[in-house]
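Structure first, commentary second.
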There are 2 protein chains.
Amino acid sequence: MLLTDRQVLILQVIVDDFIRTAQPVGSRSLSKKEEISFSSATIRNEMADLEELGFIEKTHTSSGRIPSEKGYRYYVDHLLLPQQLDSSDILTVKSIFAERIYELEKIVQKSAKILSEMTSYTSIVLGPAVKDNKLRKLQIVPLNQDTAIAIIVTDTGHVENRMFHFPASVDPGDVEKMVNILNERLAGVPLVDLHANIYKEVAALLRQHIKNYDLLLGTISETLTMPASEKVFFGGKTNMLNQPEFNDIDKIRNLMTMIEHEDGISRLIRKNPKGISVRIGRENNNIAMENCSLITASYSMGEEKLGTIAILGPTRMEYSRVISLLQFISTDLSKVLTELYQNK
Amino acid sequence: MLLTDRQVLILQVIVDDFIRTAQPVGSRSLSKKEEISFSSATIRNEMADLEELGFIEKTHTSSGRIPSEKGYRYYVDHLLLPQQLDSSDILTVKSIFAERIYELEKIVQKSAKILSEMTSYTSIVLGPAVKDNKLRKLQIVPLNQDTAIAIIVTDTGHVENRMFHFPASVDPGDVEKMVNILNERLAGVPLVDLHANIYKEVAALLRQHIKNYDLLLGTISETLTMPASEKVFFGGKTNMLNQPEFNDIDKIRNLMTMIEHEDGISRLIRKNPKGISVRIGRENNNIAMENCSLITASYSMGEEKLGTIAILGPTRMEYSRVISLLQFISTDLSKVLTELYQNK
DNA sequence: TTTAGCACTCGTTATTGCAGAGTGCTAACA
DNA sequence: TGTTAGCACTCTGCAATAACGAGTGCTAAA
């Protein structure tokens, strides 16, 4: 099952060629390449073997060969030379951070946009998981007698807000007192733990100072329980429409519907390891992704993994370039974010 | 140029039929309808006249007829009987407001979703123009020595926030003083006027109380100048993929790209009058919208127009149903919003 | 082991023929 | 004069056919 050098060479050229042209590669056209010095007949024999081993396939009996998923997998695992980004690409990426933007979300969003423009694939960026951010400040702004807005500011400068109603019998002074206590006690607590902490540590204290505290506390703590999951940002959602393999309305429909349905795609991306990961075709376990590959890279702040940045393209994707690009952007992104927020 | 009753009848049946089936309508199939009592030959004569007048067209020499844009226009202007929504539709719409949601944005977003599900067209909702909201509260939360977040809460409960940097030399106490003054003086001012008002009314006052006020004020007032335009919410972005007239990849690409590019679509929708408006095909002045119609309805709070709710579908759209639906939702929406925020 | 040669397969494209749907026109009818 | 029946004509859609090109698999010779 080990491939000979020549088989590897042929596989490499087939994949490269197919990625470039999207056309099945025939033995004759292969034999004309300069890196190949043997005849088309020899190539045909080798291709027959490669096909038997499952690395390439035919689209019909007498067609040229295209890489199978296994072929792409081999290509990605063994044949990808760490390609240098060209300098114009590097400049473009740098431009993401050129402007003085401070909001984490905006940086992330801009990355997604630029990434999709550079690759002409679809980019997907999973924003930082807000739930791990730590509470910096809780504020409550009353709107009228029985409505108010709770605002939460986190240490990364993320702002969440939620409107809520409370019983008219509640004393505004008490609300203020309560907010002060909550701030004092809960600053620095990760949002995900807020709810638990309120009851564990603060409730007793509140009971002493505030009458009717349970009425109000119930409302507020419920408000603070954030369902807020990671935000998903897209770039170039429609780029896949330009890929020749998606000339088929049905495929388009499947893919677009799946992209539109954010839960699906973010679930697909979330469960991915630190660093770069490549998932090819059915490795994604998703029917709509049959002809797609997903390359993800994580970015972090200091040591802590923050989010994920991904490229969705056809299986016939420029793996080499996309991987270099993602690697480059994600380390750059991590660097900037670490500088910006770590030394608070 | 006035149409006879019989011509009107035929036009009506053609449009109705074509909306239902998406197939050209022939004279023979028309003559079989019960509302029509004359022969196919007569119909052919009438159709020839209708075609000459520009209300219907052929797809090829010997095909049945389809409505032209002028035909749809006549249909919408003269032949649309104000149809009663059926009760299940009414129930579905009511469900938008059944849950206790208070955030304006959420209500609007949910409307878009439900609307697209009911019609299987694409719905677009232009959120309230935040710039006309009035300032309720300005707050500044420091993040570290030189970074802080400015948070603006409006009278409708909308929250805007922006991160900014300031010179390290600024005294935190001064910031607080300043925020107090700004709140005192600017509460109730529409966001769009904030910037001007700061310099007109507050600057002098600040000068007296705060040293270095100009340094800080410059930063803050710049931060308060909101580019924040109306938000656009979509429902069923991919629904158009299911319409038979969009079997063509190129058409899909045009339309999707245009939908994805939010500026375009919101510009298309914004310049629309109070009440219901129907724009058919090229009336939209947009190449990507050639085969589409856009129906918009405004919603308001009290007397003041807040935003727009729209349906984008093929020109062969169920005008009657969509119009009733939009009318119903927009008045309901207006009612709820007025109740919720007017009596503050 | 490599290669040249040849028969064979399949997709693509163009052509043809044919059925079905629909039209326009004419002549007859009420 | 308006309506209708009839007929020739047109166009689409589909299926069958043929020709071509690209590519393969196999065999036999180098």
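Just so we're on the same page: first chain in the structure tokens is A, next is B, and so on; residues restart at 1 for each chain, and ligands are numbered from 1 in the order they show up.
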- Within 8 Å of chain A, which residues of chain B show up when using only C-alpha atoms, listed as number ranges by chain? B: 102-103, 136-137, 141, 143-145, 148-149, 153, 155-157, 159, 161-164, 237-238, 241, 247-249, 253, 256-257, 260, 344
Next, write the just-selected residues to a file, as a CSV table (one decimal), in the first residue's frame, keeping N, CA, C and O atoms as the atom set.
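Okay, this is what ended up in result.csv:
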chain,number,residue,atom,x,y,z
B,102,TYR,N,-39.1,42.3,24.4
B,102,TYR,CA,-39.1,43.7,24.6
B,102,TYR,C,-38.2,44.4,23.6
B,102,TYR,O,-38.5,45.6,23.3
B,103,GLU,N,-37.1,43.8,23.2
B,103,GLU,CA,-36.2,44.5,22.4
B,103,GLU,C,-36.9,44.7,21.0
B,103,GLU,O,-37.3,43.8,20.3
B,136,ARG,N,-31.0,58.6,26.0
B,136,ARG,CA,-31.5,58.4,27.4
B,136,ARG,C,-30.3,58.5,28.4
B,136,ARG,O,-30.4,59.2,29.4
B,137,LYS,N,-29.2,57.8,28.0
B,137,LYS,CA,-28.1,57.8,29.0
B,137,LYS,C,-26.8,57.5,28.2
B,137,LYS,O,-26.8,56.7,27.3
B,141,VAL,N,-17.4,53.3,30.4
B,141,VAL,CA,-16.8,52.3,31.2
B,141,VAL,C,-15.3,52.2,30.9
B,141,VAL,O,-15.0,51.8,29.7
B,143,LEU,N,-11.7,50.6,30.5
B,143,LEU,CA,-11.2,49.2,30.4
B,143,LEU,C,-9.8,49.1,31.0
B,143,LEU,O,-9.4,48.2,31.7
B,144,ASN,N,-9.0,50.1,30.6
B,144,ASN,CA,-7.6,50.2,31.2
B,144,ASN,C,-7.2,51.6,31.1
B,144,ASN,O,-8.0,52.5,30.9
B,145,GLN,N,-5.8,51.9,31.3
B,145,GLN,CA,-5.4,53.2,31.4
B,145,GLN,C,-5.8,54.2,30.3
B,145,GLN,O,-6.1,55.3,30.5
B,148,ALA,N,-11.4,53.0,26.8
B,148,ALA,CA,-12.7,53.0,27.5
B,148,ALA,C,-13.8,52.7,26.5
B,148,ALA,O,-13.6,52.7,25.3
B,149,ILE,N,-15.0,52.3,27.0
B,149,ILE,CA,-16.1,52.1,26.1
B,149,ILE,C,-17.2,53.1,26.4
B,149,ILE,O,-17.6,53.3,27.6
B,153,VAL,N,-27.5,54.7,25.5
B,153,VAL,CA,-28.8,54.0,25.6
B,153,VAL,C,-29.9,55.0,25.1
B,153,VAL,O,-29.9,56.2,25.5
B,155,ASP,N,-34.0,56.1,24.0
B,155,ASP,CA,-35.3,56.0,24.7
B,155,ASP,C,-36.1,54.7,24.2
B,155,ASP,O,-37.0,54.3,24.9
B,156,THR,N,-35.7,54.1,23.1
B,156,THR,CA,-36.4,52.9,22.7
B,156,THR,C,-35.7,51.7,23.3
B,156,THR,O,-36.0,50.5,22.9
B,157,GLY,N,-34.6,51.9,24.0
B,157,GLY,CA,-33.9,50.8,24.6
B,157,GLY,C,-32.8,50.2,23.7
B,157,GLY,O,-32.3,49.2,24.0
B,159,VAL,N,-29.2,50.0,22.4
B,159,VAL,CA,-27.9,50.3,23.0
B,159,VAL,C,-26.8,50.3,21.9
B,159,VAL,O,-26.7,49.4,21.1
B,161,ASN,N,-22.6,50.9,21.3
B,161,ASN,CA,-21.3,51.1,22.1
B,161,ASN,C,-20.1,51.2,21.2
B,161,ASN,O,-20.2,50.7,20.1
B,162,ARG,N,-19.1,51.9,21.6
B,162,ARG,CA,-18.0,52.1,20.8
B,162,ARG,C,-16.7,52.2,21.8
B,162,ARG,O,-16.8,52.8,22.8
B,163,MET,N,-15.7,51.6,21.3
B,163,MET,CA,-14.5,51.6,22.1
B,163,MET,C,-13.6,52.8,21.7
B,163,MET,O,-13.6,53.1,20.5
B,164,PHE,N,-12.9,53.4,22.6
B,164,PHE,CA,-12.1,54.5,22.2
B,164,PHE,C,-10.9,54.7,23.1
B,164,PHE,O,-10.9,54.2,24.2
B,237,LYS,N,-33.3,34.2,3.0
B,237,LYS,CA,-32.5,34.7,1.9
B,237,LYS,C,-32.4,33.7,0.7
B,237,LYS,O,-32.2,34.1,-0.4
B,238,THR,N,-32.4,32.4,1.0
B,238,THR,CA,-32.3,31.4,0.0
B,238,THR,C,-33.6,31.0,-0.7
B,238,THR,O,-33.6,30.1,-1.5
B,241,LEU,N,-34.1,30.6,-4.4
B,241,LEU,CA,-33.5,29.5,-5.1
B,241,LEU,C,-34.6,28.4,-5.5
B,241,LEU,O,-34.4,27.6,-6.4
B,247,ASN,N,-34.0,29.1,-12.2
B,247,ASN,CA,-33.3,27.9,-12.5
B,247,ASN,C,-31.9,28.2,-13.1
B,247,ASN,O,-31.1,27.3,-13.3
B,248,ASP,N,-31.7,29.5,-13.4
B,248,ASP,CA,-30.6,29.9,-14.2
B,248,ASP,C,-29.5,30.4,-13.2
B,248,ASP,O,-29.7,31.3,-12.4
B,249,ILE,N,-28.3,29.7,-13.3
B,249,ILE,CA,-27.3,30.1,-12.3
B,249,ILE,C,-26.9,31.6,-12.4
B,249,ILE,O,-26.7,32.2,-11.4
B,253,ARG,N,-27.0,34.1,-9.3
B,253,ARG,CA,-25.7,34.8,-8.9
B,253,ARG,C,-26.0,36.3,-8.8
B,253,ARG,O,-25.6,36.9,-7.7
B,256,MET,N,-28.4,36.9,-5.7
B,256,MET,CA,-27.8,36.6,-4.4
B,256,MET,C,-26.7,37.6,-4.1
B,256,MET,O,-26.6,38.1,-2.9
B,257,THR,N,-25.9,38.0,-5.1
B,257,THR,CA,-24.8,38.9,-4.8
B,257,THR,C,-25.4,40.2,-4.4
B,257,THR,O,-24.9,40.9,-3.5
B,260,GLU,N,-26.7,39.9,-0.9
B,260,GLU,CA,-25.6,39.8,0.1
B,260,GLU,C,-25.0,41.2,0.3
B,260,GLU,O,-24.5,41.5,1.4
B,344,LYS,N,-44.0,56.1,27.6
B,344,LYS,CA,-42.9,55.9,28.5
B,344,LYS,C,-43.0,56.8,29.7
B,344,LYS,O,-43.3,57.9,29.6
- Message: Just want the 10 Å neighbourhood of region 25-29 of chain D, counted on only C-alpha atoms (C1' of nucleotides), with same-chain residues fewer than 5 positions away dropped. Output as a PyMOL selection string.
- Response: (chain A and resi 41+44-45+48+62) or (chain C and resi 3-8)
- Item | Surrounding residues of Pro67 (chain A) excluding itself and chain neighbours under 4 positions, 7 Å, only C-alpha atoms (C1' of nucleotides), as JSON, numbers by chain | {"A": [15, 55, 56, 57, 71, 72]}
How would the residues just chosen look if you wrote them out with all heavy atoms as a compact mmCIF listing (two decimals), in the first residue's frame?
# COMPACT_ATOMS: atom_id res chain seq x y z
N VAL A 15 -3.41 16.06 -8.93
CA VAL A 15 -4.13 16.95 -7.99
C VAL A 15 -3.88 18.41 -8.35
O VAL A 15 -4.81 19.21 -8.47
CB VAL A 15 -3.71 16.66 -6.54
CG1 VAL A 15 -4.41 17.63 -5.60
CG2 VAL A 15 -4.06 15.23 -6.16
N PHE A 55 -6.88 6.36 -4.73
CA PHE A 55 -6.44 7.76 -4.66
C PHE A 55 -7.04 8.63 -5.75
O PHE A 55 -7.12 9.84 -5.61
CB PHE A 55 -4.91 7.82 -4.72
CG PHE A 55 -4.25 7.28 -3.50
CD1 PHE A 55 -3.73 6.00 -3.47
CD2 PHE A 55 -4.17 8.06 -2.35
CE1 PHE A 55 -3.13 5.49 -2.33
CE2 PHE A 55 -3.57 7.56 -1.20
CZ PHE A 55 -3.06 6.27 -1.18
N ILE A 56 -7.39 8.01 -6.85
CA ILE A 56 -8.01 8.79 -7.92
C ILE A 56 -9.22 8.02 -8.46
O ILE A 56 -9.39 6.83 -8.19
CB ILE A 56 -7.02 9.07 -9.08
CG1 ILE A 56 -6.43 7.76 -9.59
CG2 ILE A 56 -5.92 9.99 -8.63
CD1 ILE A 56 -5.42 7.94 -10.70
N GLU A 57 -10.08 8.72 -9.19
CA GLU A 57 -11.25 8.06 -9.76
C GLU A 57 -11.53 8.60 -11.15
O GLU A 57 -11.01 9.63 -11.56
CB GLU A 57 -12.49 8.28 -8.89
CG GLU A 57 -12.28 9.13 -7.66
CD GLU A 57 -13.51 9.32 -6.84
OE1 GLU A 57 -14.31 10.24 -7.19
OE2 GLU A 57 -13.70 8.59 -5.84
N GLY A 71 -7.33 10.77 -2.14
CA GLY A 71 -6.23 11.39 -2.86
C GLY A 71 -5.91 12.77 -2.31
O GLY A 71 -4.76 13.11 -2.06
N TYR A 72 -6.96 13.57 -2.11
CA TYR A 72 -6.75 14.89 -1.52
C TYR A 72 -6.11 14.77 -0.14
O TYR A 72 -5.22 15.53 0.23
CB TYR A 72 -8.09 15.63 -1.38
CG TYR A 72 -8.64 16.18 -2.66
CD1 TYR A 72 -9.89 15.82 -3.11
CD2 TYR A 72 -7.91 17.12 -3.40
CE1 TYR A 72 -10.41 16.33 -4.28
CE2 TYR A 72 -8.43 17.65 -4.57
CZ TYR A 72 -9.68 17.26 -5.01
OH TYR A 72 -10.20 17.78 -6.17
- Message: Quick check for you: according to DSSP on this backbone, which residues of region 111-258 of chain A are classed as helix (DSSP H, G or I)? Reply as a PyMOL selection string.
- Response: chain A and resi 111-119+130-132+172-186+191-209+213-224+239-242+244-246+249-258
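In this structure, the chain C residues at most 8 Å away from chain A are C:DT2, C:DT3, C:DT9, C:DC10, with only C-alpha atoms (C1' of nucleotides) considered.
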Selection to disk with N, CA and C atoms (P, O5', C5', C4', C3', O3' and C1' of nucleotides), as a PDB file, in the first residue's frame:
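part-v1.pdb was written with the following content:
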ATOM      1  P    DT C   2       9.443   1.210 -15.699  1.00  0.00           P
ATOM      2  O5'  DT C   2       9.345   1.506 -17.246  1.00  0.00           O
ATOM      3  C5'  DT C   2      10.549   1.718 -17.964  1.00  0.00           C
ATOM      4  C4'  DT C   2      10.227   1.728 -19.440  1.00  0.00           C
ATOM      5  C3'  DT C   2       9.136   2.736 -19.838  1.00  0.00           C
ATOM      6  O3'  DT C   2       9.696   3.632 -20.772  1.00  0.00           O
ATOM      7  C1'  DT C   2       8.766   0.615 -20.836  1.00  0.00           C
ATOM      8  P    DT C   3       8.875   4.875 -21.253  1.00  0.00           P
ATOM      9  O5'  DT C   3       8.253   4.378 -22.615  1.00  0.00           O
ATOM     10  C5'  DT C   3       9.144   3.825 -23.592  1.00  0.00           C
ATOM     11  C4'  DT C   3       8.339   3.197 -24.698  1.00  0.00           C
ATOM     12  C3'  DT C   3       7.197   4.071 -25.245  1.00  0.00           C
ATOM     13  O3'  DT C   3       7.343   4.123 -26.653  1.00  0.00           O
ATOM     14  C1'  DT C   3       6.449   1.881 -24.840  1.00  0.00           C
ATOM     15  P    DT C   9     -16.830  -1.545 -26.394  1.00  0.00           P
ATOM     16  O5'  DT C   9     -16.808  -0.354 -25.345  1.00  0.00           O
ATOM     17  C5'  DT C   9     -15.815  -0.320 -24.323  1.00  0.00           C
ATOM     18  C4'  DT C   9     -15.947   0.999 -23.583  1.00  0.00           C
ATOM     19  C3'  DT C   9     -17.365   1.546 -23.532  1.00  0.00           C
ATOM     20  O3'  DT C   9     -17.603   2.019 -22.220  1.00  0.00           O
ATOM     21  C1'  DT C   9     -15.927   3.162 -24.463  1.00  0.00           C
ATOM     22  P    DC C  10     -19.105   2.250 -21.755  1.00  0.00           P
ATOM     23  O5'  DC C  10     -19.122   3.839 -21.673  1.00  0.00           O
ATOM     24  C5'  DC C  10     -18.141   4.496 -20.865  1.00  0.00           C
ATOM     25  C4'  DC C  10     -18.093   5.951 -21.267  1.00  0.00           C
ATOM     26  C3'  DC C  10     -19.473   6.614 -21.340  1.00  0.00           C
ATOM     27  O3'  DC C  10     -19.487   7.672 -20.401  1.00  0.00           O
ATOM     28  C1'  DC C  10     -18.116   7.151 -23.229  1.00  0.00           C
TER      29       DC C  10
END
Could you list, with a cut-off of 8 Å and counting only C-alpha atoms (C1' of nucleotides), the residues of chain D near chain A, each shown with its nearest atom pair and the distance in Å rounded to one decimal, rows sorted by chain and ascending number, as JSON lines?
{"residue": "D:DA22", "atom": "C1'", "partner": "A:Ser63", "partner_atom": "CA", "distance": 7.4}
{"residue": "D:DG23", "atom": "C1'", "partner": "A:Ser62", "partner_atom": "CA", "distance": 5.2}
{"residue": "D:DT24", "atom": "C1'", "partner": "A:Ser62", "partner_atom": "CA", "distance": 5.2}
